[in-house]
>>> print(open('input_9.cif').read())   # mmCIF, C-alpha atoms
data_my_file
#
loop_
_atom_site.label_atom_id
_atom_site.label_comp_id
_atom_site.auth_asym_id
_atom_site.auth_seq_id
_atom_site.Cartn_x
_atom_site.Cartn_y
_atom_site.Cartn_z
CA MET A 76 0.00 0.00 0.00
CA VAL A 77 1.15 3.54 -0.77
CA GLU A 78 2.11 5.31 2.46
CA SER A 79 0.46 8.65 3.15
CA SER A 80 0.66 11.34 5.78
CA PRO A 81 -2.54 12.05 7.74
CA LEU A 82 -4.83 14.47 5.90
CA ARG A 83 -5.36 17.46 8.19
CA GLY A 84 -6.16 21.10 7.52
CA ILE A 85 -8.00 22.95 4.77
CA PHE A 86 -8.39 21.18 1.43
CA THR A 87 -10.17 23.07 -1.34
CA ALA A 88 -12.95 21.32 -3.24
CA LEU A 89 -12.05 22.93 -6.56
CA ALA A 90 -14.75 24.26 -8.85
CA THR A 91 -14.29 23.26 -12.50
CA PRO A 92 -14.08 26.28 -14.86
CA PHE A 93 -15.65 26.28 -18.32
CA ASP A 94 -14.94 28.62 -21.20
CA THR A 95 -17.59 30.37 -23.29
CA ASP A 96 -18.07 27.19 -25.34
CA GLY A 97 -18.62 25.08 -22.23
CA ASN A 98 -15.24 23.31 -22.38
CA LEU A 99 -12.71 22.95 -19.57
CA ASP A 100 -10.79 26.21 -19.20
CA ARG A 101 -7.15 25.38 -18.45
CA LYS A 102 -6.04 28.96 -17.80
CA ALA A 103 -8.83 29.58 -15.31
CA TYR A 104 -8.02 26.29 -13.57
CA GLU A 105 -4.40 27.40 -13.23
CA ASN A 106 -5.58 30.76 -11.85
CA LEU A 107 -7.62 28.93 -9.22
CA ILE A 108 -4.75 26.64 -8.24
CA ASP A 109 -2.39 29.62 -7.91
CA HIS A 110 -4.97 31.33 -5.70
CA GLN A 111 -5.05 28.28 -3.43
CA ILE A 112 -1.28 27.95 -3.18
CA ILE A 113 -0.92 31.65 -2.31
CA GLY A 114 -3.70 31.27 0.25
CA GLY A 115 -1.86 28.48 2.05
CA VAL A 116 -4.31 25.57 1.88
CA GLN A 117 -3.06 22.09 2.75
CA GLY A 118 -4.30 20.37 -0.40
CA LEU A 119 -6.55 20.34 -3.47
CA VAL A 120 -9.58 18.18 -4.27
CA PRO A 121 -10.42 18.36 -7.98
CA VAL A 122 -13.58 16.90 -9.52
CA GLY A 123 -15.66 16.31 -6.43
CA THR A 124 -19.28 17.44 -6.20
CA THR A 125 -18.12 21.08 -6.30
CA GLY A 126 -16.23 20.19 -9.47
CA GLU A 127 -19.50 18.99 -11.06
CA SER A 128 -18.20 15.45 -11.43
CA PRO A 129 -21.62 13.89 -12.21
CA SER A 130 -21.98 16.19 -15.25
CA LEU A 131 -18.55 15.66 -16.77
CA SER A 132 -17.73 12.97 -19.28
CA ILE A 133 -15.16 10.37 -18.23
CA ASP A 134 -12.60 12.02 -20.51
CA GLU A 135 -13.31 15.47 -19.01
CA HIS A 136 -13.13 14.03 -15.50
CA LYS A 137 -9.72 12.52 -16.18
CA ARG A 138 -8.55 15.69 -17.93
CA ALA A 139 -9.45 17.79 -14.88
CA ILE A 140 -7.49 15.44 -12.60
CA ASP A 141 -4.53 15.46 -14.97
CA LEU A 142 -4.50 19.25 -15.32
CA CYS A 143 -4.60 19.76 -11.56
CA ILE A 144 -1.75 17.32 -10.88
CA GLU A 145 0.34 18.61 -13.78
CA TYR A 146 0.05 22.28 -12.86
CA THR A 147 0.33 21.77 -9.10
CA ALA A 148 3.59 19.90 -9.77
CA GLY A 149 3.96 18.58 -6.25
CA ARG A 150 3.46 21.95 -4.54
CA LEU A 151 0.35 20.63 -2.77
CA PRO A 152 -1.16 17.17 -2.27
CA VAL A 153 -3.95 16.35 -4.72
CA ILE A 154 -6.84 14.21 -3.50
CA ALA A 155 -8.53 13.39 -6.78
CA GLY A 156 -12.29 13.06 -6.89
CA ALA A 157 -12.82 9.57 -8.28
CA GLY A 158 -16.23 8.60 -6.96
CA ALA A 159 -19.08 7.18 -8.99
CA ASN A 160 -22.36 5.35 -8.46
CA ALA A 161 -20.90 2.38 -10.35
CA THR A 162 -18.06 0.59 -8.54
CA GLU A 163 -16.14 -0.28 -11.70
CA GLU A 164 -16.24 3.34 -12.86
CA ALA A 165 -14.90 4.51 -9.49
CA ILE A 166 -12.07 1.97 -9.75
CA ASN A 167 -11.28 3.11 -13.29
CA LEU A 168 -11.07 6.75 -12.19
CA ALA A 169 -9.02 5.88 -9.11
CA CYS A 170 -6.53 3.86 -11.19
CA PHE A 171 -6.18 6.83 -13.54
CA ALA A 172 -5.62 9.19 -10.59
CA GLN A 173 -2.90 6.93 -9.24
CA LYS A 174 -1.06 6.78 -12.58
CA ALA A 175 -1.41 10.56 -12.96
CA GLY A 176 0.31 11.11 -9.61
CA ALA A 177 -2.48 11.89 -7.13
CA GLN A 178 -1.66 11.48 -3.44
CA ALA A 179 -5.12 10.07 -2.62
CA THR A 180 -8.66 9.77 -4.00
CA LEU A 181 -11.97 11.05 -2.72
CA GLN A 182 -14.65 8.35 -2.87
CA VAL A 183 -18.25 9.48 -2.41
CA THR A 184 -21.02 7.13 -1.34
CA PRO A 185 -22.73 5.88 -4.53
CA TYR A 186 -25.60 8.19 -5.43
CA TYR A 187 -29.08 7.27 -6.70
CA ASN A 188 -28.53 3.52 -6.28
CA LYS A 189 -29.23 3.79 -2.52
CA PRO A 190 -27.14 0.75 -1.51
CA THR A 191 -27.50 -0.88 1.89
CA GLN A 192 -24.75 -0.54 4.49
CA GLU A 193 -23.42 -3.91 3.36
CA GLY A 194 -23.45 -2.63 -0.23
CA LEU A 195 -21.54 0.48 0.80
CA TYR A 196 -19.01 -1.63 2.67
CA SER A 197 -18.50 -3.91 -0.33
CA HIS A 198 -18.22 -0.94 -2.72
CA PHE A 199 -15.46 0.78 -0.76
CA CYS A 200 -13.65 -2.48 0.04
CA GLU A 201 -13.55 -3.36 -3.66
CA ILE A 202 -11.99 0.00 -4.50
CA ALA A 203 -9.52 -0.24 -1.62
CA ASN A 204 -8.48 -3.76 -2.61
CA ARG A 205 -7.95 -2.96 -6.28
CA VAL A 206 -6.33 0.49 -6.13
CA ASP A 207 -3.04 1.03 -4.32
CA LEU A 208 -3.78 4.61 -3.29
CA PRO A 209 -5.01 6.19 -0.02
CA ILE A 210 -8.75 6.86 0.11
CA MET A 211 -10.82 9.62 1.70
CA LEU A 212 -14.41 8.47 2.15
CA TYR A 213 -17.09 11.08 1.46
CA ASN A 214 -20.42 10.96 3.25
CA VAL A 215 -22.97 13.51 1.98
CA PRO A 216 -26.54 12.22 2.46
CA ALA A 217 -28.11 15.46 1.21
CA ARG A 218 -26.64 14.74 -2.23
CA THR A 219 -26.68 10.94 -2.36
CA SER A 220 -29.71 9.86 -0.26
CA VAL A 221 -27.55 7.35 1.66
CA ASN A 222 -25.74 7.77 4.96
CA LEU A 223 -22.50 5.96 5.75
CA GLU A 224 -23.19 4.74 9.29
CA ILE A 225 -20.61 4.76 12.07
CA GLU A 226 -20.51 0.97 12.29
CA THR A 227 -19.75 0.74 8.56
CA ILE A 228 -16.97 3.32 8.83
CA ILE A 229 -15.40 1.34 11.69
CA ARG A 230 -15.45 -1.87 9.65
CA LEU A 231 -13.94 -0.15 6.61
CA VAL A 232 -11.10 1.45 8.57
CA LYS A 233 -10.38 -1.80 10.39
CA ASN A 234 -10.26 -3.93 7.22
CA CYS A 235 -8.92 -1.49 4.61
CA PRO A 236 -5.56 0.07 5.62
CA ASN A 237 -5.57 2.49 2.70
CA ILE A 238 -8.79 4.17 3.88
CA ILE A 239 -7.19 7.03 5.80
CA SER A 240 -9.78 9.79 6.06
CA LEU A 241 -13.48 10.68 6.11
CA LYS A 242 -15.09 13.81 4.74
CA ASP A 243 -18.35 13.98 6.67
CA ALA A 244 -21.12 16.34 5.54
CA LEU A 245 -23.76 15.62 8.17
CA PRO A 246 -23.92 18.88 10.17
CA GLN A 247 -27.10 17.86 11.97
CA ASP A 248 -25.13 15.18 13.87
CA LEU A 249 -21.68 16.39 14.84
CA THR A 250 -21.56 13.82 17.63
CA ARG A 251 -20.40 11.34 14.97
CA VAL A 252 -17.02 13.07 14.98
CA SER A 253 -16.52 12.70 18.73
CA HIS A 254 -17.72 9.10 18.68
CA LEU A 255 -15.25 8.10 15.99
CA MET A 256 -12.42 10.05 17.64
CA ARG A 257 -13.17 8.42 21.01
CA ILE A 258 -12.89 4.97 19.48
CA GLY A 259 -9.44 5.85 18.15
CA LEU A 260 -9.64 4.00 14.84
CA ARG A 261 -6.04 4.53 13.62
CA LYS A 262 -3.41 7.19 14.19
CA ASN A 263 -3.36 8.10 10.51
CA PHE A 264 -7.17 8.20 10.15
CA THR A 265 -8.60 11.72 10.11
CA ILE A 266 -12.09 13.19 9.95
CA LEU A 267 -12.70 16.38 7.97
CA SER A 268 -15.80 18.53 7.71
CA GLY A 269 -17.72 18.60 4.45
CA GLU A 270 -19.70 21.69 5.45
CA ASP A 271 -18.03 25.09 5.81
CA ALA A 272 -20.61 26.80 8.02
CA SER A 273 -20.34 24.19 10.79
CA LEU A 274 -16.54 23.97 10.71
CA CYS A 275 -15.96 25.69 14.07
CA ALA A 276 -18.31 23.29 15.84
CA PHE A 277 -16.84 20.37 13.89
CA LEU A 278 -13.33 21.22 15.07
CA ALA A 279 -14.55 21.59 18.65
CA MET A 280 -16.06 18.09 18.45
CA GLY A 281 -12.72 16.61 17.41
CA GLY A 282 -12.55 17.15 13.65
CA GLU A 283 -9.22 17.85 11.99
CA GLY A 284 -10.03 20.13 9.07
CA CYS A 285 -12.35 20.73 6.17
CA VAL A 286 -12.79 20.00 2.49
CA SER A 287 -14.00 23.48 1.76
CA VAL A 288 -16.03 25.23 -0.92
CA THR A 289 -15.45 28.67 0.59
CA SER A 290 -11.67 28.33 0.29
CA ASN A 291 -12.10 28.59 -3.49
CA ILE A 292 -12.81 32.27 -2.73
CA THR A 293 -10.97 33.02 0.54
CA PRO A 294 -8.37 30.30 1.13
CA ASN A 295 -6.39 32.48 3.53
CA ALA A 296 -9.46 33.05 5.72
CA MET A 297 -10.28 29.37 6.00
CA VAL A 298 -6.65 28.50 6.81
CA ALA A 299 -6.44 31.31 9.36
CA LEU A 300 -9.63 30.07 11.05
CA TYR A 301 -8.23 26.53 11.25
CA GLU A 302 -4.91 27.75 12.62
CA ALA A 303 -6.58 30.02 15.17
CA PHE A 304 -8.47 27.04 16.56
CA ASN A 305 -5.35 24.87 16.68
CA SER A 306 -3.39 27.58 18.49
CA GLY A 307 -6.18 28.04 21.04
CA ASP A 308 -6.97 31.60 19.92
CA LEU A 309 -10.74 31.25 20.01
CA VAL A 310 -11.27 35.02 19.98
CA LYS A 311 -9.50 35.26 16.62
CA MET A 312 -11.35 32.20 15.35
CA ALA A 313 -14.68 33.81 16.25
CA ALA A 314 -13.70 37.06 14.54
CA ILE A 315 -12.81 35.21 11.34
CA ARG A 316 -15.99 33.14 11.55
CA ASN A 317 -18.12 36.25 11.88
CA SER A 318 -16.31 37.90 8.98
CA ILE A 319 -16.90 35.09 6.51
CA LEU A 320 -20.35 34.02 7.71
CA PRO A 321 -22.12 36.09 5.01
CA LEU A 322 -20.01 34.34 2.37
CA TRP A 323 -20.76 30.89 3.83
CA GLN A 324 -24.45 31.69 3.58
CA ALA A 325 -24.31 33.25 0.11
CA LEU A 326 -22.35 30.40 -1.47
CA PHE A 327 -25.10 27.96 -0.57
CA CYS A 328 -28.18 30.12 -1.19
CA GLU A 329 -28.66 28.07 -4.38
CA THR A 330 -27.37 24.70 -5.47
CA SER A 331 -23.59 24.63 -5.31
CA PRO A 332 -21.40 25.26 -7.25
CA ALA A 333 -23.39 27.94 -9.12
CA PRO A 334 -22.85 30.66 -6.48
CA VAL A 335 -19.15 29.86 -5.95
CA LYS A 336 -18.54 29.93 -9.70
CA TYR A 337 -20.18 33.33 -9.89
CA ALA A 338 -17.96 34.52 -7.02
CA LEU A 339 -14.85 33.25 -8.82
CA TYR A 340 -16.03 35.07 -11.93
CA ARG A 341 -16.49 38.26 -9.92
CA GLN A 342 -12.97 37.88 -8.55
CA GLY A 343 -11.56 37.55 -12.07
CA ILE A 344 -10.28 34.02 -11.43
CA PHE A 345 -12.79 32.41 -13.83
CA ALA A 346 -13.53 33.85 -17.26
CA THR A 347 -17.18 32.77 -17.05
CA PRO A 348 -19.58 31.64 -14.30
CA LYS A 349 -20.82 28.78 -16.48
CA THR A 350 -22.15 25.56 -14.98
CA ARG A 351 -22.95 22.31 -16.73
CA LEU A 352 -26.58 21.29 -17.26
CA PRO A 353 -28.70 20.25 -15.44
CA LEU A 354 -27.29 22.94 -13.13
CA LEU A 355 -27.90 26.54 -14.15
CA GLU A 356 -25.82 29.63 -13.50
CA ALA A 357 -26.54 31.65 -10.37
CA THR A 358 -29.78 33.61 -10.57
CA SER A 359 -29.91 37.37 -10.11
CA TYR A 360 -30.95 36.74 -6.50
CA ALA A 361 -27.86 34.63 -5.84
CA GLN A 362 -25.63 37.05 -7.71
CA LYS A 363 -26.77 39.91 -5.46
CA ARG A 364 -26.14 37.86 -2.33
CA VAL A 365 -22.69 36.79 -3.49
CA THR A 366 -21.75 40.33 -4.53
CA GLN A 367 -22.82 41.73 -1.17
CA ALA A 368 -21.00 38.98 0.72
CA LEU A 369 -17.79 39.57 -1.22
CA LYS A 370 -18.05 43.27 -0.41
CA GLU A 371 -18.47 42.54 3.30
CA VAL A 372 -15.60 40.07 3.36
CA THR A 373 -13.33 42.59 1.62
CA GLN A 374 -14.27 45.32 4.08
CA ARG A 375 -13.49 43.10 7.07
CA GLY A 376 -10.50 41.40 5.52
CA ASN A 377 -7.99 42.68 8.08
CA GLU A 378 -9.31 40.15 10.57
CA PHE A 379 -7.78 37.34 8.53
CA SER A 380 -4.97 39.06 6.69
CA SER A 381 -2.72 36.49 5.06
CA LYS A 382 0.45 38.53 5.71
CA ASP A 383 1.13 37.19 9.20
CA TYR A 384 0.07 33.73 8.07
CA LYS A 385 2.63 33.65 5.26
CA THR A 386 5.32 34.69 7.71
CA ARG A 387 4.49 31.75 9.95
CA ARG A 388 4.58 29.14 7.19
#
>>> encode(input="input_9.cif", output="structure tokens")
Amino acid sequence: MVESSPLRGIFTALATPFDTDGNLDRKAYENLIDHQIIGGVQGLVPVGTTGESPSLSIDEHKRAIDLCIEYTAGRLPVIAGAGANATEEAINLACFAQKAGAQATLQVTPYYNKPTQEGLYSHFCEIANRVDLPIMLYNVPARTSVNLEIETIIRLVKNCPNIISLKDALPQDLTRVSHLMRIGLRKNFTILSGEDASLCAFLAMGGEGCVSVTSNITPNAMVALYEAFNSGDLVKMAAIRNSILPLWQALFCETSPAPVKYALYRQGIFATPKTRLPLLEATSYAQKRVTQALKEVTQRGNEFSSKDYKTRR
């Protein structure tokens, strides 16, 4: 099995940029990756849900992984989104990610099929047994209609050494984090939040970071929040939280990633705010909320200035 360091910190769930013709926009992708590296995030997650993976062709999916790994060039770990609702497709994508040079893959619970817990266990075990690459499980019931139960997670971690992390997007039950941490599954097994707005509570319950949508826009703020918590500076953490709360809310006022792509367009990082059908671009309502949130974050930006952060790195 490929050895891997524990995945802790802020990992950006990259949005996938499209040009005016609806094709992958390499230059915009490079702009976004540069923005993340400057902002100090701990890693990149291309082609997850935020990257519109269900709407990309297999070739586009692989191209997005390849572009991210090629341009990042080892400057940050890449946890490639390689999930699918068909096990063989997930294995195919994970094998590609390994050959391309990814440090790990993100594997979402199969969507639409609604497998049982035994089906979920078998799905992830099959991937783990056939791909020699670390795996981050992704539990997001709001998107997939299935919940990866604690007992299933315990079995997977016990029996599959290359399952090293869990991205958990179940903010209505943060006790899951403490329960899994109390059990002490493995020293290299980490649990990351899959929901930006509950990150502070998630960290307090024992979580060790976040796969973040918001860090597409303000990577330095999300990193500063995480570091403030780890250093015990809860006053600073609260100030950062309050500063970016309007952005957390705006980015999810409509189905993600439409609002975040509009925000990246407003920042000049993306050339267009295009999404891939069946998702539509942000409505005028969402655009107004995002614009106002970006204005507020800019006005209060001194509370999470990246200057002192860069000095500490």
>>> atom_distance(input="input_9.cif", atom1="atom CA of A:Leu322", atom2="atom CA of A:Pro348")
16.9 Å
>>> atom_distance(input="input_9.cif", atom1="atom CA of A:Pro152", atom2="atom CA of A:Gly118")
4.9 Å
>>> resolve_selection(input="input_9.cif", expression="the PyMOL selection byres ((chain A and resi 221) around 12)", output="tab-separated table (two decimals) with C-alpha atoms, keeping the file's coordinate frame")
chain	number	residue	atom	x	y	z
A	160	ASN	CA	-22.36	5.35	-8.46
A	183	VAL	CA	-18.25	9.48	-2.41
A	184	THR	CA	-21.02	7.13	-1.34
A	185	PRO	CA	-22.73	5.88	-4.53
A	186	TYR	CA	-25.60	8.19	-5.43
A	187	TYR	CA	-29.08	7.27	-6.70
A	188	ASN	CA	-28.53	3.52	-6.28
A	189	LYS	CA	-29.23	3.79	-2.52
A	190	PRO	CA	-27.14	0.75	-1.51
A	191	THR	CA	-27.50	-0.88	1.89
A	192	GLN	CA	-24.75	-0.54	4.49
A	194	GLY	CA	-23.45	-2.63	-0.23
A	195	LEU	CA	-21.54	0.48	0.80
A	213	TYR	CA	-17.09	11.08	1.46
A	214	ASN	CA	-20.42	10.96	3.25
A	215	VAL	CA	-22.97	13.51	1.98
A	216	PRO	CA	-26.54	12.22	2.46
A	217	ALA	CA	-28.11	15.46	1.21
A	218	ARG	CA	-26.64	14.74	-2.23
A	219	THR	CA	-26.68	10.94	-2.36
A	220	SER	CA	-29.71	9.86	-0.26
A	222	ASN	CA	-25.74	7.77	4.96
A	223	LEU	CA	-22.50	5.96	5.75
A	224	GLU	CA	-23.19	4.74	9.29
A	244	ALA	CA	-21.12	16.34	5.54
A	245	LEU	CA	-23.76	15.62	8.17
>>> resolve_selection(input="input_9.cif", expression="the PyMOL selection byres ((chain A and resi 351-357) around 6)", output="ChimeraX atom specification")
/A:333-334,349-350,358,361
>>> closest_residue(input="input_9.cif", among="A:Phe345, A:Tyr104, A:Phe86, A:Trp323", to="A:Met211", atoms="only C-alpha atoms")
A:Phe86
>>> build_atoms(input="input_9.cif", residues="stretch 276-294 of chain A", atoms="N, CA and C atoms", output="mmCIF file, in the coordinates of the input")
data_model
loop_
_atom_site.group_PDB
_atom_site.id
_atom_site.type_symbol
_atom_site.label_atom_id
_atom_site.label_comp_id
_atom_site.auth_asym_id
_atom_site.auth_seq_id
_atom_site.Cartn_x
_atom_site.Cartn_y
_atom_site.Cartn_z
ATOM 1 N N ALA A 276 -17.744 24.310 14.959
ATOM 2 C CA ALA A 276 -18.310 23.290 15.840
ATOM 3 C C ALA A 276 -17.689 21.932 15.546
ATOM 4 N N PHE A 277 -17.440 21.646 14.296
ATOM 5 C CA PHE A 277 -16.840 20.370 13.890
ATOM 6 C C PHE A 277 -15.455 20.212 14.505
ATOM 7 N N LEU A 278 -14.651 21.267 14.462
ATOM 8 C CA LEU A 278 -13.330 21.220 15.070
ATOM 9 C C LEU A 278 -13.428 21.030 16.580
ATOM 10 N N ALA A 279 -14.376 21.709 17.207
ATOM 11 C CA ALA A 279 -14.550 21.590 18.650
ATOM 12 C C ALA A 279 -14.953 20.170 19.059
ATOM 13 N N MET A 280 -15.628 19.462 18.167
ATOM 14 C CA MET A 280 -16.060 18.090 18.450
ATOM 15 C C MET A 280 -14.971 17.063 18.142
ATOM 16 N N GLY A 281 -13.830 17.525 17.654
ATOM 17 C CA GLY A 281 -12.720 16.610 17.410
ATOM 18 C C GLY A 281 -12.278 16.494 15.973
ATOM 19 N N GLY A 282 -12.934 17.200 15.054
ATOM 20 C CA GLY A 282 -12.550 17.150 13.650
ATOM 21 C C GLY A 282 -11.183 17.756 13.414
ATOM 22 N N GLU A 283 -10.610 17.462 12.246
ATOM 23 C CA GLU A 283 -9.220 17.850 11.990
ATOM 24 C C GLU A 283 -9.056 18.644 10.704
ATOM 25 N N GLY A 284 -10.138 19.303 10.262
ATOM 26 C CA GLY A 284 -10.030 20.130 9.070
ATOM 27 C C GLY A 284 -11.298 20.151 8.274
ATOM 28 N N CYS A 285 -11.176 20.554 7.014
ATOM 29 C CA CYS A 285 -12.350 20.730 6.170
ATOM 30 C C CYS A 285 -11.985 20.586 4.698
ATOM 31 N N VAL A 286 -12.854 19.929 3.947
ATOM 32 C CA VAL A 286 -12.790 20.000 2.490
ATOM 33 C C VAL A 286 -13.773 21.096 2.106
ATOM 34 N N SER A 287 -13.243 22.234 1.756
ATOM 35 C CA SER A 287 -14.000 23.480 1.760
ATOM 36 C C SER A 287 -14.379 23.985 0.374
ATOM 37 N N VAL A 288 -15.594 24.499 0.270
ATOM 38 C CA VAL A 288 -16.030 25.230 -0.920
ATOM 39 C C VAL A 288 -15.597 26.684 -0.814
ATOM 40 N N THR A 289 -15.760 27.256 0.382
ATOM 41 C CA THR A 289 -15.450 28.670 0.590
ATOM 42 C C THR A 289 -13.997 29.000 0.301
ATOM 43 N N SER A 290 -13.086 28.047 0.523
ATOM 44 C CA SER A 290 -11.670 28.330 0.290
ATOM 45 C C SER A 290 -11.353 28.523 -1.185
ATOM 46 N N ASN A 291 -12.263 28.167 -2.096
ATOM 47 C CA ASN A 291 -12.100 28.590 -3.490
ATOM 48 C C ASN A 291 -11.956 30.112 -3.546
ATOM 49 N N ILE A 292 -12.738 30.808 -2.703
ATOM 50 C CA ILE A 292 -12.810 32.270 -2.730
ATOM 51 C C ILE A 292 -11.817 32.891 -1.763
ATOM 52 N N THR A 293 -11.813 32.437 -0.514
ATOM 53 C CA THR A 293 -10.970 33.020 0.540
ATOM 54 C C THR A 293 -10.144 31.927 1.215
ATOM 55 N N PRO A 294 -9.163 31.360 0.514
ATOM 56 C CA PRO A 294 -8.370 30.300 1.130
ATOM 57 C C PRO A 294 -7.643 30.763 2.387
#
